[in-house]
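Below: model.cif (mmCIF, C-alpha atoms and all ligand atoms)
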data_coords
#
loop_
_atom_site.label_atom_id
_atom_site.label_comp_id
_atom_site.auth_asym_id
_atom_site.auth_seq_id
_atom_site.Cartn_x
_atom_site.Cartn_y
_atom_site.Cartn_z
CA MET F 1 61.55 -190.30 14.55
CA LYS F 2 60.51 -187.24 16.52
CA LYS F 3 59.28 -185.67 13.31
CA LEU F 4 57.23 -188.77 12.54
CA ILE F 5 55.61 -188.70 15.98
CA PHE F 6 54.69 -185.04 15.52
CA PHE F 7 53.28 -185.83 12.10
CA LEU F 8 51.18 -188.72 13.41
CA ALA F 9 50.00 -186.65 16.38
CA PHE F 10 48.87 -183.94 13.93
CA VAL F 11 47.04 -186.42 11.73
CA PHE F 12 45.24 -188.24 14.54
CA ILE F 13 44.69 -185.47 17.09
CA GLY F 14 45.17 -182.15 15.38
CA PHE F 15 43.72 -182.71 11.95
CA PRO F 16 40.11 -183.59 12.84
CA GLY F 17 39.99 -180.47 15.06
CA PHE F 18 41.64 -178.40 12.36
CA CYS F 19 38.99 -179.55 9.91
CA LYS F 20 36.07 -178.86 12.21
CA LYS F 21 34.07 -176.57 10.00
CA LEU F 22 32.52 -173.40 11.32
CA PRO F 23 28.85 -172.91 10.37
CA VAL F 24 28.32 -171.00 7.13
CA PRO F 25 25.47 -168.93 5.64
CA ALA F 26 22.69 -170.64 3.67
CA ASP F 27 24.07 -169.17 0.45
CA LYS F 28 26.85 -171.51 -0.64
CA LYS F 29 28.35 -168.71 -2.71
CA ALA F 30 28.25 -166.10 0.08
CA THR F 31 31.15 -163.64 -0.25
CA HIS F 32 34.15 -163.86 2.04
CA GLU F 33 33.00 -160.84 4.11
CA THR F 34 29.45 -162.25 4.36
CA VAL F 35 30.73 -165.57 5.70
CA ALA F 36 32.96 -163.68 8.15
CA LEU F 37 30.03 -161.54 9.32
CA PHE F 38 27.87 -164.63 9.83
CA GLN F 39 30.55 -166.40 11.83
CA SER F 40 31.43 -163.30 13.85
CA MET F 41 27.79 -162.72 14.75
CA LEU F 42 27.42 -166.36 15.72
CA LYS F 43 30.38 -166.01 18.05
CA LEU F 44 29.33 -162.64 19.44
CA GLN F 45 25.82 -163.76 20.30
CA GLN F 46 27.33 -166.14 22.84
CA LYS F 47 29.06 -163.21 24.59
CA GLY F 48 26.43 -160.52 24.66
CA VAL F 49 23.86 -158.56 22.69
CA MET F 50 24.50 -155.89 20.07
CA TYR F 51 22.37 -152.77 20.08
CA GLY F 52 20.59 -151.70 16.92
CA HIS F 53 18.47 -148.69 16.05
CA GLN F 54 16.25 -148.15 13.03
CA ASP F 55 17.06 -145.12 10.85
CA ASP F 56 19.57 -144.03 13.50
CA LEU F 57 21.83 -142.49 10.84
CA MET F 58 19.07 -140.84 8.82
CA TYR F 59 17.25 -138.61 11.31
CA GLY F 60 16.31 -138.14 14.96
CA ARG F 61 13.37 -136.54 16.67
CA THR F 62 14.77 -133.05 16.18
CA TRP F 63 17.06 -133.31 13.14
CA TRP F 64 16.90 -134.50 9.57
CA TYR F 65 19.84 -136.12 7.78
CA GLU F 66 22.97 -134.51 9.12
CA LYS F 67 25.89 -136.63 7.98
CA ASP F 68 27.53 -138.67 10.77
CA ARG F 69 24.86 -137.63 13.26
CA SER F 70 23.07 -140.29 15.27
CA ASP F 71 20.66 -140.07 18.21
CA THR F 72 22.47 -143.00 19.81
CA LYS F 73 25.80 -141.21 19.47
CA ASP F 74 24.39 -137.90 20.71
CA PHE F 75 23.21 -139.68 23.84
CA THR F 76 25.96 -142.22 24.56
CA GLY F 77 28.99 -141.06 22.57
CA ASP F 78 28.91 -144.18 20.41
CA TYR F 79 27.03 -145.38 17.35
CA PRO F 80 24.79 -148.42 17.54
CA ALA F 81 26.45 -151.69 16.45
CA ILE F 82 23.51 -152.37 14.13
CA ALA F 83 22.09 -149.70 11.85
CA GLY F 84 18.60 -150.37 10.51
CA PHE F 85 17.34 -149.02 7.17
CA GLU F 86 13.95 -149.23 5.46
CA LEU F 87 13.30 -149.64 1.73
CA GLY F 88 9.49 -149.35 1.44
CA GLY F 89 8.84 -147.49 -1.83
CA ILE F 90 11.96 -148.66 -3.67
CA GLU F 91 9.83 -151.21 -5.51
CA LEU F 92 7.91 -148.36 -7.15
CA GLY F 93 11.02 -146.60 -8.40
CA ASN F 94 10.52 -143.77 -5.90
CA GLU F 95 13.40 -141.54 -4.88
CA ARG F 96 12.34 -141.54 -1.24
CA SER F 97 11.11 -144.23 1.11
CA LEU F 98 7.66 -144.34 2.69
CA ASP F 99 9.29 -142.46 5.58
CA SER F 100 10.52 -139.73 3.18
CA VAL F 101 14.17 -140.84 3.39
CA SER F 102 16.23 -140.54 0.21
CA PHE F 103 17.47 -143.89 -1.10
CA VAL F 104 20.68 -142.24 -2.26
CA GLN F 105 21.32 -141.13 1.32
CA ILE F 106 20.42 -144.57 2.65
CA ALA F 107 23.09 -146.08 0.36
CA GLU F 108 25.54 -143.46 1.58
CA GLN F 109 24.93 -144.35 5.21
CA VAL F 110 25.02 -148.10 4.60
CA LYS F 111 28.50 -147.58 3.20
CA ALA F 112 29.52 -145.28 6.07
CA HIS F 113 28.35 -147.72 8.73
CA TYR F 114 30.06 -150.64 7.05
CA LYS F 115 33.28 -148.66 6.75
CA ARG F 116 33.15 -148.00 10.49
CA GLY F 117 32.87 -151.75 11.07
CA GLY F 118 29.17 -151.83 11.96
CA VAL F 119 26.38 -154.18 10.86
CA VAL F 120 23.61 -153.17 8.47
CA THR F 121 20.06 -154.52 8.53
CA ILE F 122 17.36 -153.72 5.99
CA SER F 123 13.57 -154.02 6.22
CA TRP F 124 11.03 -153.62 3.42
CA HIS F 125 7.46 -152.45 3.94
CA ALA F 126 6.58 -153.05 0.29
CA ASN F 127 3.31 -151.69 -1.03
CA ASN F 128 0.39 -154.05 -1.60
CA PRO F 129 0.92 -155.07 -5.24
CA LEU F 130 -2.72 -156.02 -5.75
CA THR F 131 -4.77 -153.42 -3.91
CA MET F 132 -2.54 -150.47 -4.81
CA GLN F 133 -3.93 -150.86 -8.33
CA ILE F 134 -7.47 -150.14 -7.21
CA PRO F 135 -8.12 -146.58 -8.39
CA ASP F 136 -9.46 -145.29 -5.08
CA ALA F 137 -7.01 -147.31 -2.92
CA LYS F 138 -5.44 -144.21 -1.45
CA SER F 139 -8.75 -142.93 -0.17
CA ARG F 140 -9.05 -145.92 2.15
CA ARG F 141 -7.02 -145.95 5.36
CA GLN F 142 -3.81 -147.96 4.61
CA GLY F 143 -5.14 -148.38 1.06
CA GLY F 144 -2.52 -149.94 -1.22
CA THR F 145 0.24 -149.91 1.42
CA ALA F 146 2.00 -152.79 3.19
CA TRP F 147 -0.70 -152.52 5.86
CA ASP F 148 -3.56 -153.04 3.40
CA ILE F 149 -4.99 -156.44 4.32
CA SER F 150 -8.27 -156.08 2.44
CA SER F 151 -7.55 -158.93 -0.01
CA LYS F 152 -6.38 -162.49 0.56
CA GLU F 153 -5.44 -162.90 -3.09
CA VAL F 154 -2.37 -160.71 -2.99
CA VAL F 155 0.44 -163.24 -2.44
CA ALA F 156 -1.06 -165.66 -4.98
CA SER F 157 -1.23 -162.78 -7.45
CA ILE F 158 2.55 -162.20 -7.42
CA LEU F 159 3.77 -165.82 -7.38
CA PRO F 160 4.50 -167.53 -10.73
CA ASN F 161 1.31 -167.67 -12.86
CA GLY F 162 -0.30 -164.92 -10.78
CA VAL F 163 -1.73 -161.84 -12.52
CA ASN F 164 0.87 -159.56 -10.92
CA HIS F 165 3.85 -161.85 -11.32
CA GLU F 166 5.60 -159.75 -13.96
CA MET F 167 5.03 -156.59 -11.96
CA PHE F 168 6.53 -158.26 -8.91
CA ASN F 169 9.57 -159.28 -10.94
CA ALA F 170 10.02 -155.63 -11.83
CA TRP F 171 9.87 -154.80 -8.10
CA LEU F 172 12.57 -157.35 -7.37
CA GLU F 173 14.65 -155.92 -10.22
CA ARG F 174 14.55 -152.49 -8.57
CA LEU F 175 15.39 -154.00 -5.21
CA SER F 176 18.33 -155.86 -6.79
CA THR F 177 19.64 -152.72 -8.45
CA PHE F 178 19.76 -151.02 -5.05
CA PHE F 179 21.40 -154.03 -3.40
CA ILE F 180 24.01 -154.32 -6.14
CA SER F 181 24.88 -150.64 -5.60
CA LEU F 182 25.92 -151.34 -2.00
CA LYS F 183 29.65 -151.67 -2.48
CA ASP F 184 32.66 -150.56 -0.45
CA GLU F 185 35.46 -148.31 -1.73
CA LYS F 186 37.19 -151.25 -3.37
CA GLY F 187 34.03 -152.35 -5.13
CA ALA F 188 33.36 -155.34 -2.87
CA PRO F 189 29.69 -155.99 -2.03
CA ILE F 190 28.71 -154.91 1.50
CA PRO F 191 27.16 -157.73 3.53
CA PHE F 192 23.86 -157.01 5.27
CA VAL F 193 20.94 -158.67 7.03
CA PHE F 194 17.73 -158.51 4.97
CA ARG F 195 14.44 -158.96 6.84
CA PRO F 196 11.59 -158.78 4.33
CA TYR F 197 8.00 -160.00 4.87
CA HIS F 198 8.43 -159.49 8.60
CA GLU F 199 6.04 -160.30 11.44
CA HIS F 200 4.28 -163.04 9.48
CA SER F 201 2.50 -164.32 12.60
CA GLY F 202 0.67 -161.02 12.97
CA SER F 203 -1.90 -160.18 10.36
CA PHE F 204 -1.28 -156.52 9.83
CA PHE F 205 0.72 -156.78 6.60
CA TRP F 206 -0.41 -158.30 3.29
CA TRP F 207 1.95 -161.25 3.86
CA GLY F 208 0.47 -161.94 7.33
CA SER F 209 -0.60 -165.41 8.44
CA LYS F 210 -4.34 -164.76 8.02
CA ILE F 211 -3.90 -163.05 4.66
CA CYS F 212 -2.01 -165.85 2.86
CA THR F 213 -1.43 -169.54 3.48
CA ASP F 214 1.79 -170.74 5.07
CA GLU F 215 2.68 -172.44 1.79
CA GLN F 216 2.20 -169.20 -0.13
CA TYR F 217 4.29 -167.35 2.43
CA ALA F 218 7.13 -169.88 2.15
CA SER F 219 6.89 -169.73 -1.66
CA LEU F 220 7.08 -165.94 -1.58
CA TRP F 221 10.27 -166.18 0.45
CA ARG F 222 11.77 -168.90 -1.72
CA TYR F 223 10.93 -167.05 -4.91
CA THR F 224 12.47 -163.82 -3.60
CA VAL F 225 15.68 -165.46 -2.42
CA ASP F 226 16.01 -167.47 -5.63
CA PHE F 227 15.60 -164.24 -7.63
CA LEU F 228 18.21 -162.30 -5.67
CA ARG F 229 20.65 -165.14 -5.09
CA ASN F 230 20.49 -167.11 -8.32
CA LYS F 231 19.03 -164.81 -10.97
CA LYS F 232 20.84 -161.65 -9.86
CA SER F 233 23.90 -163.39 -8.32
CA ILE F 234 23.72 -161.34 -5.12
CA HIS F 235 25.78 -163.16 -2.50
CA ASN F 236 26.18 -160.61 0.27
CA ILE F 237 22.84 -161.09 2.02
CA LEU F 238 22.04 -162.83 5.30
CA TYR F 239 18.30 -163.51 5.33
CA ALA F 240 16.32 -163.04 8.55
CA TYR F 241 13.11 -164.96 9.14
CA ASN F 242 10.84 -163.02 11.46
CA THR F 243 7.56 -163.18 13.33
CA ASP F 244 5.63 -160.96 15.67
CA ARG F 245 4.86 -162.26 19.18
CA VAL F 246 4.24 -166.02 19.29
CA THR F 247 3.76 -168.41 22.17
CA SER F 248 5.06 -171.67 20.73
CA LEU F 249 7.73 -172.94 18.39
CA GLU F 250 5.06 -174.46 16.18
CA GLN F 251 3.45 -171.05 15.77
CA TYR F 252 6.87 -169.49 15.19
CA LEU F 253 7.78 -171.82 12.33
CA LYS F 254 4.46 -171.61 10.44
CA GLY F 255 5.51 -170.68 6.92
CA TYR F 256 9.25 -171.09 7.55
CA PRO F 257 10.82 -171.28 4.09
CA GLY F 258 13.69 -173.63 4.98
CA ASP F 259 17.23 -173.77 6.31
CA ASP F 260 18.64 -173.43 2.80
CA ILE F 261 17.06 -169.97 2.60
CA ILE F 262 17.34 -168.53 6.10
CA ASP F 263 20.37 -167.37 8.13
CA MET F 264 18.73 -165.77 11.13
CA LEU F 265 15.77 -166.59 13.34
CA SER F 266 14.41 -163.32 14.65
CA ILE F 267 11.36 -162.13 16.50
CA ASP F 268 9.71 -158.75 17.03
CA MET F 269 8.07 -158.05 20.38
CA TYR F 270 7.12 -154.70 21.82
CA ASP F 271 6.39 -154.35 25.52
CA ARG F 272 2.67 -153.68 25.84
CA GLY F 273 2.33 -154.53 29.52
CA GLU F 274 3.27 -156.80 32.37
CA LYS F 275 2.75 -160.06 30.52
CA PHE F 276 5.66 -159.09 28.27
CA ASN F 277 8.40 -160.36 30.60
CA ALA F 278 7.15 -163.94 30.62
CA GLU F 279 6.17 -163.86 26.94
CA LEU F 280 9.54 -162.58 25.81
CA ASP F 281 11.39 -165.01 28.03
CA ASN F 282 9.38 -167.92 26.66
CA ALA F 283 9.75 -166.86 23.01
CA LEU F 284 13.48 -166.18 23.22
CA LYS F 285 13.98 -169.58 24.80
CA PHE F 286 12.53 -171.58 21.92
CA VAL F 287 13.75 -169.23 19.19
CA THR F 288 17.36 -169.31 20.41
CA GLU F 289 17.30 -173.06 21.13
CA THR F 290 16.05 -173.75 17.61
CA ALA F 291 18.55 -171.34 16.08
CA LEU F 292 21.38 -172.98 17.96
CA ALA F 293 20.32 -176.43 16.72
CA LYS F 294 20.06 -175.12 13.15
CA LYS F 295 23.31 -173.13 13.45
CA LYS F 296 21.54 -169.86 12.66
CA LEU F 297 21.81 -166.33 14.01
CA THR F 298 19.25 -164.80 16.37
CA ALA F 299 17.80 -161.37 17.07
CA LEU F 300 15.08 -159.49 18.85
CA SER F 301 14.82 -157.48 15.68
CA GLU F 302 12.21 -154.96 16.89
CA THR F 303 11.33 -154.05 20.41
CA GLY F 304 10.23 -151.06 22.42
CA GLU F 305 9.83 -150.09 26.03
CA ARG F 306 6.72 -150.21 28.18
CA ARG F 307 4.90 -146.93 28.45
CA GLY F 308 5.39 -145.25 31.78
CA MET F 309 8.33 -147.40 32.85
CA VAL F 310 11.55 -145.50 33.68
CA ASP F 311 13.80 -148.52 34.19
CA TRP F 312 12.72 -150.80 31.36
CA TRP F 313 16.21 -151.21 29.87
CA SER F 314 17.80 -152.28 33.13
CA LYS F 315 14.90 -154.16 34.68
CA VAL F 316 13.17 -155.83 31.75
CA LEU F 317 15.14 -155.96 28.51
CA LEU F 318 18.69 -156.58 29.68
CA PRO F 319 17.95 -159.29 32.28
CA ILE F 320 15.77 -161.26 29.85
CA VAL F 321 17.98 -161.07 26.76
CA SER F 322 21.03 -161.87 28.89
CA LYS F 323 19.59 -165.31 29.60
CA TYR F 324 19.85 -166.34 25.93
CA PRO F 325 22.24 -166.02 22.98
CA VAL F 326 20.41 -163.09 21.37
CA GLY F 327 22.55 -161.53 18.63
CA TYR F 328 21.01 -158.09 18.71
CA VAL F 329 18.10 -156.03 19.95
CA LEU F 330 16.85 -153.21 17.77
CA THR F 331 14.57 -150.37 18.76
CA TRP F 332 12.50 -148.68 16.10
CA ARG F 333 12.93 -145.24 14.62
CA ASN F 334 12.84 -141.94 16.47
CA THR F 335 10.31 -140.30 14.19
CA TYR F 336 11.35 -136.84 13.12
CA ASN F 337 8.87 -134.22 14.20
CA MET F 338 9.15 -130.75 12.77
CA LYS F 339 7.61 -129.29 15.91
CA PHE F 340 10.54 -130.50 18.01
CA PRO F 341 13.59 -128.48 16.96
CA GLY F 342 14.74 -126.25 19.76
CA MET F 343 12.46 -127.90 22.30
CA THR F 344 15.13 -129.42 24.51
CA GLU F 345 12.71 -131.12 26.89
CA VAL F 346 11.32 -133.44 24.26
CA SER F 347 14.55 -133.78 22.32
CA LYS F 348 16.20 -136.35 24.58
CA PRO F 349 16.36 -139.33 22.26
CA PHE F 350 16.54 -142.04 24.95
CA PRO F 351 15.50 -142.38 28.60
CA ASP F 352 18.23 -142.05 31.25
CA ASP F 353 18.03 -145.76 31.96
CA PHE F 354 19.34 -146.44 28.45
CA LYS F 355 22.77 -145.46 29.81
CA PHE F 356 22.62 -148.45 32.15
CA PHE F 357 22.11 -150.70 29.15
CA TYR F 358 24.91 -148.93 27.30
CA ASP F 359 27.34 -149.35 30.22
CA SER F 360 26.59 -153.03 30.71
CA PRO F 361 29.40 -155.40 29.70
CA ARG F 362 26.67 -157.56 28.09
CA SER F 363 25.69 -154.90 25.54
CA PHE F 364 27.78 -154.09 22.47
CA PHE F 365 27.75 -150.79 20.64
CA LEU F 366 29.95 -149.88 17.67
CA LYS F 367 33.25 -149.34 19.52
CA GLU F 368 33.04 -152.80 21.06
CA ILE F 369 32.42 -154.59 17.80
CA GLN F 370 35.06 -152.56 15.97
CA LYS F 371 37.58 -154.42 18.13
CA GLU F 372 36.23 -157.74 16.86
CA ASN F 373 37.00 -157.10 13.20
CA ILE F 374 33.79 -158.85 12.25
CA TYR F 375 34.39 -158.87 8.49
CA LYS F 376 37.65 -160.78 8.77
CA HIS F 377 38.02 -164.50 9.46
C1 LIG F 401 6.36 -148.54 11.20
C2 LIG F 401 6.11 -147.11 11.59
C3 LIG F 401 5.77 -146.38 10.33
C4 LIG F 401 6.87 -146.55 9.29
C5 LIG F 401 7.24 -148.03 9.10
C6 LIG F 401 8.41 -148.25 8.19
O1 LIG F 401 6.45 -149.40 12.25
O2 LIG F 401 7.23 -146.54 12.20
O3 LIG F 401 5.56 -145.01 10.60
O4 LIG F 401 6.49 -146.02 8.06
O5 LIG F 401 7.49 -148.60 10.34
O6 LIG F 401 9.57 -147.67 8.67
#
Could I get this file's structure written as structure tokens?
Amino acid sequence: MKKLIFFLAFVFIGFPGFCKKLPVPADKKATHETVALFQSMLKLQQKGVMYGHQDDLMYGRTWWYEKDRSDTKDFTGDYPAIAGFELGGIELGNERSLDSVSFVQIAEQVKAHYKRGGVVTISWHANNPLTMQIPDAKSRRQGGTAWDISSKEVVASILPNGVNHEMFNAWLERLSTFFISLKDEKGAPIPFVFRPYHEHSGSFFWWGSKICTDEQYASLWRYTVDFLRNKKSIHNILYAYNTDRVTSLEQYLKGYPGDDIIDMLSIDMYDRGEKFNAELDNALKFVTETALAKKKLTALSETGERRGMVDWWSKVLLPIVSKYPVGYVLTWRNTYNMKFPGMTEVSKPFPDDFKFFYDSPRSFFLKEIQKENIYKH
């Protein structure tokens, strides 16, 4: 009898709870580790914010690719939780990115960061597929690059039936080959966050909101994801939708390709002055609320401090992001400058106040997320 009561209690009380499904990535075939990463990040964003740094493992202001070196680690003793990498130039079959970083070394560091238990995010400042073909493109400022916004025909030209469609397919093939090469020691695909066609709301890239229509932008996204996910069977990617600064949810979602495509709602906002506090607060509110409702991840995927401020990390960034479930904040690259080596004054990679952010129980660097075992259910 006792056994029967336990059984009935399990069926009526325990079972529905047991079956309560955790949210999953948009890709129904996402690998085990990718699902675990998605769910771990979803959980972590309720507890605090991970720190990310672009090209942190590739170079710093005063050094160029020294294995295991990191500006963040030099300064704090720990690696960032999120390591950002950039693939601009891979579409052309180049050996090095637009920032002169070797793609072989990028793959090496993606693997190293994953092995340590960190999270990888990848951006792609792809060349302008239309204007780069103009013979004198390079003579114009930004000519033929991601920043070339001289033609509004570019997105239409790479979509199906466009004049550059086949060329764009070749670009996606090269991108896929690189993605497929990202495997751990056992040959399992390494999960990562991919954030292409970023900052759509700004109009400084060829995929910007004034350069193509919202429908074209959404089609570009859908075509890309379909290619990688279905044609190439790549199932270790979490896709991040991203805009530059916006003031309303309506503006944020212009061109949104759909919940079946996107895993993360992210925003990029650099501090350009006093208005930033209120603008960031407002944007994070509607972005995180919407993400929560859609069961998606969140990030302030690019940000940077206000010029002249010595306490930006403690007085601006941390208090504002702490109000919302923001998965990570990422600051952009510390550009290598050959003039710097040996000049200790300018070689400090972060301001002193960054230590305050590092010490905060709300911020997570690598050691903290290593404890979470984010790739295991
Ligand atoms: C930009 C700048 C560029 C760089 C690009 C891609 O914001 O840092 O110098 O080439 O990102 O990393």
Site check for ligand LIG 401 (chain F): residues at most 9 Å away, all atoms listed in the file, as a PyMOL selection string: chain F and resi 54-55+85-88+97-100+123-125+332-335
Best match for closeness to F:Val104 among F:Gln45, F:Ser181, F:Glu305, F:Thr121, counting all atoms listed in the file: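 Closest candidate: F:Ser181.
The spacing separating atom CA of F:Lys232 from atom CA of F:Glu173 amounts to 8.4 Å.
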Within 10 Å of F:Arg69 using all atoms listed in the file, minus same-chain residues under 4 positions, as an NGL selection string: :F and (56-60 or 63-65 or 73-74 or 79)
Nearest to F:Ile237, chosen from F:Pro191, F:Gly118, F:Pro25, F:Gly258, with all atoms listed in the file counted in the distances: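 Smallest separation from F:Ile237 among the options: F:Pro191.
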Pairwise distance for atom CA of F:Lys28 and atom CA of F:Asp226, rounded to one decimal in Å: 12.6 Å
Given only C-alpha atoms as the counted atoms, nearest of F:Met338, F:Val163, F:Ile190, F:Ala126 to F:Glu108: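 Using only C-alpha atoms, the shortest distance to F:Glu108 belongs to F:Ile190.
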Distance criterion (all atoms listed in the file): nearest to F:Glu185 out of F:Tyr223, F:Lys115, F:Ile134, F:Arg229: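 Smallest distance to F:Glu185 is found for F:Lys115.
Candidate residues F:Lys315, F:His235, F:Arg307, F:Arg362 were compared for distance to F:Thr34, and the nearest is F:His235, using all atoms listed in the file.
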Selected residue, from F:Lys295, F:Arg222, F:His198, F:Lys210, that lies nearest to F:Glu153 when counting all atoms listed in the file: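 Selected residue with least distance to F:Glu153: F:Lys210.
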Near-F:Leu92 list (10 Å; all atoms listed in the file; drop same-chain fewer than 3 positions) as a list in words: Gly88, Gly89, Glu95, Ser97, Ala126, Asn127, Pro129, Met167, Ala170, Trp171, Arg174 and Leu175 of chain F
Atoms kept (C-alpha atoms) for selection, written as a PDB file, in the frame of the given file:
ATOM      1  CA  GLY F  88       9.490-149.350   1.440  1.00  0.00           C
ATOM      2  CA  GLY F  89       8.840-147.490  -1.830  1.00  0.00           C
ATOM      3  CA  GLU F  95      13.400-141.540  -4.880  1.00  0.00           C
ATOM      4  CA  SER F  97      11.110-144.230   1.110  1.00  0.00           C
ATOM      5  CA  ALA F 126       6.580-153.050   0.290  1.00  0.00           C
ATOM      6  CA  ASN F 127       3.310-151.690  -1.030  1.00  0.00           C
ATOM      7  CA  PRO F 129       0.920-155.070  -5.240  1.00  0.00           C
ATOM      8  CA  MET F 167       5.030-156.590 -11.960  1.00  0.00           C
ATOM      9  CA  ALA F 170      10.020-155.630 -11.830  1.00  0.00           C
ATOM     10  CA  TRP F 171       9.870-154.800  -8.100  1.00  0.00           C
ATOM     11  CA  ARG F 174      14.550-152.490  -8.570  1.00  0.00           C
ATOM     12  CA  LEU F 175      15.390-154.000  -5.210  1.00  0.00           C
TER      13      LEU F 175
END
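Atom pair atom CA of F:Thr145 / atom CA of F:Met132: separated by 6.8 Å.
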